[in-house]
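Everything below belongs to structure-v3.txt, which stores compact mmCIF, C-alpha atoms and all ligand atoms.
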```
# COMPACT_ATOMS: atom_id res chain seq x y z
CA MET A 348 0.00 0.00 0.00
CA ILE A 349 1.27 3.47 -0.84
CA GLU A 350 1.52 5.82 2.15
CA THR A 351 0.55 9.47 1.64
CA ILE A 352 2.55 11.89 3.82
CA THR A 353 1.75 15.60 4.21
CA GLU A 354 3.98 16.56 7.18
CA LEU A 355 7.74 17.00 6.83
CA ASP A 356 8.48 15.40 10.24
CA ALA A 357 6.60 12.26 9.20
CA LEU A 358 8.45 12.12 5.87
CA ARG A 359 11.81 12.48 7.64
CA ALA A 360 10.91 9.75 10.15
CA ARG A 361 9.92 7.34 7.35
CA VAL A 362 13.05 8.01 5.23
CA ASN A 363 15.40 7.91 8.27
CA GLY A 364 13.87 4.57 9.27
CA TRP A 365 14.65 3.15 5.82
CA LYS A 366 18.19 4.52 5.94
CA ARG A 367 18.79 2.94 9.36
CA GLU A 368 17.85 -0.38 7.74
CA GLY A 369 20.48 0.30 5.06
CA LEU A 370 17.89 0.80 2.28
CA ARG A 371 18.57 3.06 -0.71
CA VAL A 372 15.96 5.74 -1.33
CA GLY A 373 14.81 6.78 -4.81
CA PHE A 374 12.85 9.93 -5.61
CA VAL A 375 10.63 11.09 -8.48
CA PRO A 376 9.47 14.72 -8.20
CA THR A 377 6.32 15.57 -10.17
CA MET A 378 3.62 18.19 -10.50
CA GLY A 379 0.89 15.56 -10.61
CA ASN A 380 -1.60 14.73 -13.36
CA LEU A 381 0.54 11.68 -13.84
CA HIS A 382 0.82 9.56 -16.98
CA ALA A 383 2.85 6.59 -18.22
CA GLY A 384 5.95 8.80 -18.53
CA HIS A 385 5.91 9.53 -14.79
CA TYR A 386 5.20 5.92 -13.90
CA SER A 387 8.17 4.80 -16.01
CA LEU A 388 10.35 7.12 -13.86
CA VAL A 389 9.06 5.46 -10.69
CA MET A 390 9.92 2.07 -12.18
CA LEU A 391 13.35 3.36 -13.21
CA ALA A 392 14.01 4.71 -9.70
CA ARG A 393 12.97 1.32 -8.31
CA GLN A 394 15.76 -0.34 -10.27
CA TYR A 395 18.31 1.79 -8.39
CA ALA A 396 16.67 1.99 -4.97
CA ASP A 397 14.90 -0.18 -2.40
CA ARG A 398 12.19 2.38 -1.64
CA VAL A 399 10.71 5.12 -3.83
CA VAL A 400 9.20 8.44 -2.80
CA SER A 401 7.31 10.55 -5.34
CA SER A 402 6.19 14.11 -4.69
CA VAL A 403 3.23 15.95 -6.20
CA PHE A 404 3.55 19.71 -5.93
CA VAL A 405 2.40 22.24 -8.52
CA ASN A 406 5.23 24.68 -7.99
CA PRO A 407 4.16 28.32 -8.35
CA THR A 408 7.71 29.67 -8.72
CA GLN A 409 8.35 27.92 -12.04
CA PHE A 410 5.32 29.36 -13.84
CA GLY A 411 5.48 32.75 -15.57
CA PRO A 412 2.76 35.37 -14.89
CA ASN A 413 0.83 34.43 -18.07
CA GLU A 414 1.32 30.69 -17.81
CA ASP A 415 -1.02 27.90 -16.75
CA PHE A 416 -0.36 27.62 -12.97
CA THR A 417 -4.01 27.99 -11.92
CA ARG A 418 -5.42 25.73 -14.64
CA TYR A 419 -2.64 23.11 -14.40
CA PRO A 420 -4.61 19.83 -14.14
CA ARG A 421 -4.88 18.42 -10.59
CA THR A 422 -5.91 14.75 -10.34
CA PRO A 423 -4.92 13.54 -6.84
CA GLU A 424 -6.95 10.30 -6.68
CA ALA A 425 -5.81 8.98 -10.07
CA ASP A 426 -2.21 9.99 -9.25
CA THR A 427 -2.24 8.05 -5.98
CA THR A 428 -3.65 4.90 -7.62
CA GLY A 429 -1.19 5.14 -10.51
CA LEU A 430 1.82 5.67 -8.25
CA GLU A 431 0.85 2.68 -6.16
CA GLY A 432 0.58 0.55 -9.31
CA ALA A 433 4.03 1.70 -10.42
CA GLY A 434 5.59 0.60 -7.13
CA CYS A 435 5.91 3.91 -5.30
CA ASP A 436 6.12 3.54 -1.49
CA VAL A 437 5.45 7.09 -0.33
CA LEU A 438 3.55 9.97 -1.92
CA TRP A 439 4.92 13.24 -0.50
CA LEU A 440 2.39 16.08 -0.70
CA PRO A 441 3.94 19.30 0.62
CA THR A 442 1.82 22.41 0.98
CA VAL A 443 2.83 25.78 -0.52
CA GLU A 444 3.28 27.06 3.07
CA SER A 445 5.66 24.25 4.02
CA MET A 446 7.60 24.57 0.76
CA TYR A 447 7.96 28.35 1.00
CA PRO A 448 7.72 29.15 4.76
CA PHE A 449 8.65 32.82 4.23
CA GLY A 450 6.30 33.13 1.25
CA VAL A 451 7.11 32.90 -2.44
CA GLU A 452 8.44 36.48 -2.62
CA LEU A 453 11.01 35.93 0.16
CA ALA A 454 12.00 32.41 -0.90
CA ALA A 455 15.75 31.79 -1.24
CA ARG A 456 16.26 31.08 -4.94
CA ILE A 457 18.69 28.92 -6.83
CA ASN A 458 20.06 30.05 -10.18
CA VAL A 459 22.21 27.79 -12.32
CA PRO A 460 23.95 30.12 -14.77
CA GLY A 461 24.65 29.29 -18.40
CA VAL A 462 22.54 26.27 -19.24
CA SER A 463 19.46 27.88 -17.60
CA GLY A 464 19.59 30.97 -19.81
CA VAL A 465 19.08 29.52 -23.30
CA LEU A 466 16.12 27.96 -25.15
CA GLU A 467 13.43 27.30 -22.48
CA GLY A 468 15.19 29.74 -20.17
CA ALA A 469 15.12 32.47 -22.82
CA HIS A 470 11.44 31.87 -23.63
CA ARG A 471 10.33 31.33 -20.02
CA PRO A 472 12.44 33.77 -17.96
CA GLY A 473 12.90 32.57 -14.38
CA HIS A 474 11.46 29.12 -15.14
CA PHE A 475 14.60 27.16 -14.26
CA ASP A 476 15.23 29.28 -11.16
CA GLY A 477 11.80 28.11 -9.99
CA VAL A 478 12.57 24.49 -10.89
CA CYS A 479 15.96 24.54 -9.11
CA THR A 480 14.47 26.38 -6.15
CA VAL A 481 11.82 23.72 -5.61
CA VAL A 482 13.99 20.72 -6.49
CA THR A 483 16.61 21.86 -3.96
CA ARG A 484 13.92 21.98 -1.27
CA LEU A 485 12.53 18.61 -2.32
CA PHE A 486 16.03 17.06 -2.23
CA ASN A 487 16.56 18.47 1.28
CA GLN A 488 13.16 17.21 2.41
CA VAL A 489 13.38 13.70 0.94
CA GLN A 490 17.19 13.22 1.10
CA PRO A 491 17.19 10.57 -1.64
CA ASP A 492 20.19 8.57 -2.83
CA VAL A 493 18.94 8.66 -6.41
CA ALA A 494 16.40 10.82 -8.28
CA ALA A 495 14.80 10.34 -11.72
CA PHE A 496 13.82 13.06 -14.20
CA GLY A 497 12.30 12.61 -17.67
CA LYS A 498 14.32 13.27 -20.80
CA LYS A 499 11.35 15.01 -22.42
CA ASP A 500 12.46 18.01 -20.38
CA PHE A 501 15.96 17.62 -21.78
CA GLN A 502 17.15 21.04 -20.66
CA GLN A 503 15.66 20.63 -17.19
CA LEU A 504 17.68 17.43 -16.79
CA ALA A 505 20.87 19.25 -17.89
CA VAL A 506 20.17 22.10 -15.44
CA ILE A 507 19.50 19.67 -12.57
CA ARG A 508 22.67 17.70 -13.31
CA GLN A 509 24.73 20.91 -13.27
CA MET A 510 23.07 22.03 -10.01
CA VAL A 511 23.67 18.67 -8.33
CA THR A 512 27.36 18.73 -9.29
CA ASP A 513 27.82 22.40 -8.43
CA LEU A 514 26.09 22.22 -5.04
CA ALA A 515 27.55 18.77 -4.26
CA PHE A 516 24.23 17.06 -3.60
CA PRO A 517 25.06 13.41 -2.79
CA ILE A 518 22.37 12.25 -5.23
CA GLU A 519 22.68 10.16 -8.38
CA ILE A 520 20.56 11.65 -11.18
CA LEU A 521 18.85 9.32 -13.67
CA GLY A 522 17.33 10.37 -17.01
CA GLY A 523 14.22 8.40 -18.00
CA SER A 524 13.41 7.78 -21.68
CA ILE A 525 10.59 9.76 -23.29
CA VAL A 526 7.31 7.82 -23.35
CA ARG A 527 5.21 8.48 -26.46
CA GLU A 528 1.64 8.07 -27.68
CA SER A 529 1.17 5.66 -30.63
CA ASP A 530 1.50 8.53 -33.15
CA GLY A 531 4.79 9.69 -31.59
CA LEU A 532 3.52 12.61 -29.50
CA ALA A 533 5.58 12.77 -26.29
CA MET A 534 3.37 12.21 -23.25
CA SER A 535 2.76 15.39 -21.29
CA SER A 536 0.16 16.65 -18.86
CA ARG A 537 -0.32 19.61 -21.21
CA ASN A 538 -1.44 17.38 -24.12
CA GLN A 539 -4.93 17.41 -22.69
CA TYR A 540 -5.20 21.13 -23.43
CA LEU A 541 -5.17 20.23 -27.16
CA SER A 542 -8.54 20.41 -28.94
CA ALA A 543 -9.80 17.43 -30.97
CA ASP A 544 -8.66 19.23 -34.15
CA GLU A 545 -5.23 20.06 -32.75
CA ARG A 546 -4.41 16.65 -31.28
CA PRO A 547 -3.57 14.83 -34.59
CA LEU A 548 -1.47 17.81 -35.73
CA ALA A 549 0.66 17.63 -32.57
CA ALA A 550 2.39 14.49 -33.91
CA GLU A 551 4.11 16.75 -36.45
CA ILE A 552 6.63 17.71 -33.77
CA ARG A 553 8.05 14.20 -33.58
CA LYS A 554 8.06 13.89 -37.39
CA THR A 555 9.96 17.16 -37.63
CA LEU A 556 12.54 15.97 -35.08
CA LEU A 557 13.10 12.80 -37.14
CA ALA A 558 13.45 14.89 -40.31
CA MET A 559 15.99 17.15 -38.54
CA ARG A 560 18.03 14.12 -37.49
CA ASP A 561 18.00 12.67 -41.01
CA ALA A 562 18.87 15.98 -42.67
CA ALA A 563 21.74 16.57 -40.22
CA ALA A 564 23.01 13.02 -40.76
CA SER A 565 23.01 13.58 -44.53
CA GLY A 566 25.41 16.48 -44.00
CA ARG A 567 23.08 19.47 -44.46
CA PRO A 568 24.29 22.59 -42.61
CA ARG A 569 22.78 22.92 -39.15
CA GLN A 570 21.24 26.35 -39.66
CA GLU A 571 19.55 25.20 -42.88
CA VAL A 572 18.10 22.17 -41.05
CA GLU A 573 16.83 24.38 -38.22
CA ALA A 574 15.23 26.90 -40.62
CA GLU A 575 13.56 24.11 -42.59
CA ALA A 576 12.17 22.58 -39.35
CA SER A 577 10.72 25.94 -38.25
CA ARG A 578 9.14 26.42 -41.69
CA ARG A 579 7.63 22.94 -41.66
CA LEU A 580 6.09 23.49 -38.22
CA ALA A 581 4.78 26.94 -39.16
CA VAL A 582 3.10 25.50 -42.28
CA ALA A 583 1.47 22.85 -40.06
CA GLY A 584 0.00 25.64 -37.90
CA PHE A 585 2.50 25.94 -35.03
CA ALA A 586 3.91 29.14 -33.56
CA VAL A 587 7.54 28.06 -33.17
CA ASP A 588 9.68 29.18 -30.21
CA TYR A 589 12.70 27.19 -31.40
CA ALA A 590 13.67 24.21 -33.53
CA VAL A 591 17.39 23.72 -33.05
CA ILE A 592 20.24 21.24 -32.95
CA ARG A 593 22.55 21.46 -29.95
CA ARG A 594 25.26 19.55 -28.16
CA PRO A 595 24.03 17.66 -25.05
CA ASP A 596 25.21 20.64 -22.94
CA LEU A 597 22.99 22.84 -25.17
CA SER A 598 25.89 24.75 -26.71
CA GLU A 599 25.89 25.18 -30.50
CA PRO A 600 27.72 22.46 -32.44
CA ALA A 601 29.96 23.36 -35.38
CA ASP A 602 28.94 22.11 -38.84
CA GLY A 603 30.29 18.63 -39.48
CA GLU A 604 30.84 17.94 -35.78
CA LYS A 605 30.36 14.23 -35.23
CA SER A 606 29.74 14.06 -31.47
CA GLY A 607 26.30 13.27 -30.01
CA LYS A 608 23.65 15.90 -30.64
CA VAL A 609 20.09 16.63 -29.73
CA ALA A 610 17.33 18.24 -31.79
CA LEU A 611 14.97 20.28 -29.62
CA ILE A 612 11.62 21.84 -30.45
CA ALA A 613 9.29 24.12 -28.52
CA ALA A 614 6.17 25.26 -30.34
CA LYS A 615 2.65 26.36 -29.61
CA LEU A 616 -0.41 24.82 -31.18
CA GLY A 617 -3.28 27.16 -30.37
CA LYS A 618 -2.86 27.89 -26.67
CA THR A 619 -0.86 24.74 -25.91
CA ARG A 620 2.92 24.94 -25.72
CA LEU A 621 4.62 21.62 -26.48
CA ILE A 622 8.27 20.60 -26.17
CA ASP A 623 10.08 17.51 -27.41
CA ASN A 624 13.57 16.42 -28.38
CA LEU A 625 15.52 13.66 -30.09
CA GLU A 626 19.09 12.61 -29.31
CA PHE A 627 21.19 11.33 -32.19
O1 LIG B 701 9.32 18.23 -14.37
C1 LIG B 701 8.49 18.61 -13.52
O2 LIG B 701 7.38 18.07 -13.41
C2 LIG B 701 8.84 19.76 -12.60
O3 LIG B 701 9.60 20.71 -13.26
C3 LIG B 701 9.53 19.32 -11.29
C4 LIG B 701 10.87 18.67 -11.58
C5 LIG B 701 8.64 18.34 -10.55
C6 LIG B 701 9.77 20.53 -10.39
O4 LIG B 701 8.57 21.15 -10.04
```
In structure tokens, what does this structure look like?
Amino acid sequence: MIETITELDALRARVNGWKREGLRVGFVPTMGNLHAGHYSLVMLARQYADRVVSSVFVNPTQFGPNEDFTRYPRTPEADTTGLEGAGCDVLWLPTVESMYPFGVELAARINVPGVSGVLEGAHRPGHFDGVCTVVTRLFNQVQPDVAAFGKKDFQQLAVIRQMVTDLAFPIEILGGSIVRESDGLAMSSRNQYLSADERPLAAEIRKTLLAMRDAAASGRPRQEVEAEASRRLAVAGFAVDYAVIRRPDLSEPADGEKSGKVALIAAKLGKTRLIDNLEF
């Protein structure tokens, strides 16, 4: 049976008890409205830990003023059942007051320079500060040995890895593979904002990523591939924030560079902003 914990003292007592028994603790932070992608992270964490804690907290500090914080879908019953099915031992449900005891305005904030400033960081100013601010608190609350984050948020994973190294958190970070719908759309809580007309079009993002990979592999110059991807998405009805090819650290690769790369897209379909990526 999954145990739901809402008080920090109770969480600490449970985790300390496990640690006294010599058990390794895994952690999967989430904002709820869970889907197969989240559950795959719980199962991944389980492979590296004896017990798994997952948190559900819709974090106000990572949403911009015009973003979807208030309408972000909240589905606590389904989340609890799903987490239990995936093998999660404890569901940690902090309140806003316990997460930010001095209030959001006075919260100590974490900024990871460089990797936080580009792509998502440029289009959503302050977003990664909010993510790092809450993940730091969650790490201090849960004190896991290992934590899993999805690769759909490729840049978030890079930011978290840099933060963990820089701040010397004794936590192993795992990246979980992207889980997709049958037409290739990456699973995301935001997919449910798509209208019935928009939903089939959303698969174009994955097709564009595959086309970017193939064009880059055939030797076409990077900037040409990126421009063609943006055009293709615009023709399909997207408002494109970026369609780019980067190194895994998100710096710009030189033409002809052979090392591993990643194609990343962020684009809006109607009111829904979607992101996806493909490593190659
Ligand atoms: O990826 C998410 O769902 C969130 O950014 C996270 C890591 C749970 C922090 O709020």
Padding 6 Å on every side, please: axis-aligned box over the listed atoms of ligand LIG 701 (chain B), centre and edge lengths to one decimal in Å, as JSON.
```
{"center_x": 9.1, "center_y": 19.6, "center_z": -12.2, "size_x": 15.5, "size_y": 15.1, "size_z": 16.3}
```
Which residues are close to segment 603-605 of chain A, i.e. within 9 Å by all atoms listed in the file, leaving aside same-chain residues fewer than 6 positions away? Reply as a ChimeraX atom specification. /A:563,566-569
Subject >> Selection within 10 Å of ligand LIG 701 (chain B) by only C-alpha atoms and all ligand atoms, output as number ranges by chain >> reply: A: 375-381, 385, 401-410, 474-475, 477-483, 485, 495-501, 503-504, 507, 535-536
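Distance check against Leu580 of chain A using all atoms listed in the file: of A:Glu424, A:Glu551, A:Asp561, A:Glu599, the minimum falls on A:Glu551.
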- Query: Skipping near chain neighbours, those fewer than 6 positions away, what residues fall within 10 Å of Arg553 of chain A using all atoms listed in the file, listed as a PyMOL selection string?
  - Reply: chain A and resi 527+530-533+559+612+622-625
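The environment of Gly411 of chain A within 9 Å, counting only C-alpha atoms and disregarding residues fewer than 5 places along the same chain, consists of A:Phe416, A:Arg471, A:Pro472, A:Gly473, A:His474.
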Computed gap from atom CA of Leu466 of chain A to atom CA of Gly523 of chain A is 20.9 Å
Among A:Phe585, A:Phe486, A:Tyr419, A:Trp365, Ala515 of chain A is approached most closely, using all atoms listed in the file, by A:Phe486
| request: For each of A:Pro600, A:Thr555, A:Ser463, A:Met510, take the minimum atom-to-atom distance to Arg578 of chain A, counting all atoms listed in the file, then give the residue where this is smallest. | output: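 Closest to Arg578 of chain A of all the choices is A:Thr555.
Proximity of A:Glu431, A:Met534, A:Val506, A:Ile525 to Asp596 of chain A, computed with all atoms listed in the file, is greatest for A:Val506.
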Practice task
Counting all atoms listed in the file, note down every residue that has an atom within 10 Å of the point (-0.2, 6.5, 2.9) (file coordinates), as an NGL selection string.
Solution key: :A and (348-353 or 427 or 431 or 436-439)
Using C-alpha atoms, can you write the selected residues to a file as a PDB file, in the frame of the given file?
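Generated file (result-v5.pdb):
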```pdb
ATOM      1  CA  MET A 348       0.000   0.000   0.000  1.00  0.00           C
ATOM      2  CA  ILE A 349       1.270   3.470  -0.840  1.00  0.00           C
ATOM      3  CA  GLU A 350       1.520   5.820   2.150  1.00  0.00           C
ATOM      4  CA  THR A 351       0.550   9.470   1.640  1.00  0.00           C
ATOM      5  CA  ILE A 352       2.550  11.890   3.820  1.00  0.00           C
ATOM      6  CA  THR A 353       1.750  15.600   4.210  1.00  0.00           C
ATOM      7  CA  THR A 427      -2.240   8.050  -5.980  1.00  0.00           C
ATOM      8  CA  GLU A 431       0.850   2.680  -6.160  1.00  0.00           C
ATOM      9  CA  ASP A 436       6.120   3.540  -1.490  1.00  0.00           C
ATOM     10  CA  VAL A 437       5.450   7.090  -0.330  1.00  0.00           C
ATOM     11  CA  LEU A 438       3.550   9.970  -1.920  1.00  0.00           C
ATOM     12  CA  TRP A 439       4.920  13.240  -0.500  1.00  0.00           C
TER      13      TRP A 439
END
```
| By how many Å are atom CA of Ser387 of chain A and atom CA of Ile520 of chain A apart? |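 Here the two named atoms are 15.0 Å from each other.
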*asked:* When you count all atoms listed in the file, which of these residues is closest to Arg361 of chain A: A:Gln509, A:Asn413, A:Gln490, A:Thr619?
replied: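 Checking each candidate against Arg361 of chain A, we get A:Gln490 as the closest.
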If you count all atoms listed in the file, the residue of A:Glu571, A:Glu354, A:Glu528, A:Glu519 closest to Gly373 of chain A turns out to be A:Glu519
Could you please determine the separation between atom CA of Val443 of chain A and atom CA of Pro420 of chain A in Å, to one decimal place?
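Atom-to-atom, atom CA of Val443 of chain A to atom CA of Pro420 of chain A, that is 16.6 Å.
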Worksheet item: If we count all atoms listed in the file, what is near Asn538 of chain A at a cut-off of 10 Å, once residues fewer than 6 positions away on the same chain are taken out, given as a list in words?
Response: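 Neighbouring residues, sequence-local ones excluded: Leu532, Glu545, Arg546, Ala549, Thr619, Arg620 and Leu621 of chain A.
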Non-local contacts of Gly607 of chain A (8 Å; all atoms listed in the file; under 6 positions in same chain excluded) as a PDB file with C-alpha atoms, in the frame of the given file:
```pdb
ATOM      1  CA  ARG A 594      25.260  19.550 -28.160  1.00  0.00           C
ATOM      2  CA  PRO A 595      24.030  17.660 -25.050  1.00  0.00           C
ATOM      3  CA  GLU A 626      19.090  12.610 -29.310  1.00  0.00           C
ATOM      4  CA  PHE A 627      21.190  11.330 -32.190  1.00  0.00           C
TER       5      PHE A 627
END
```
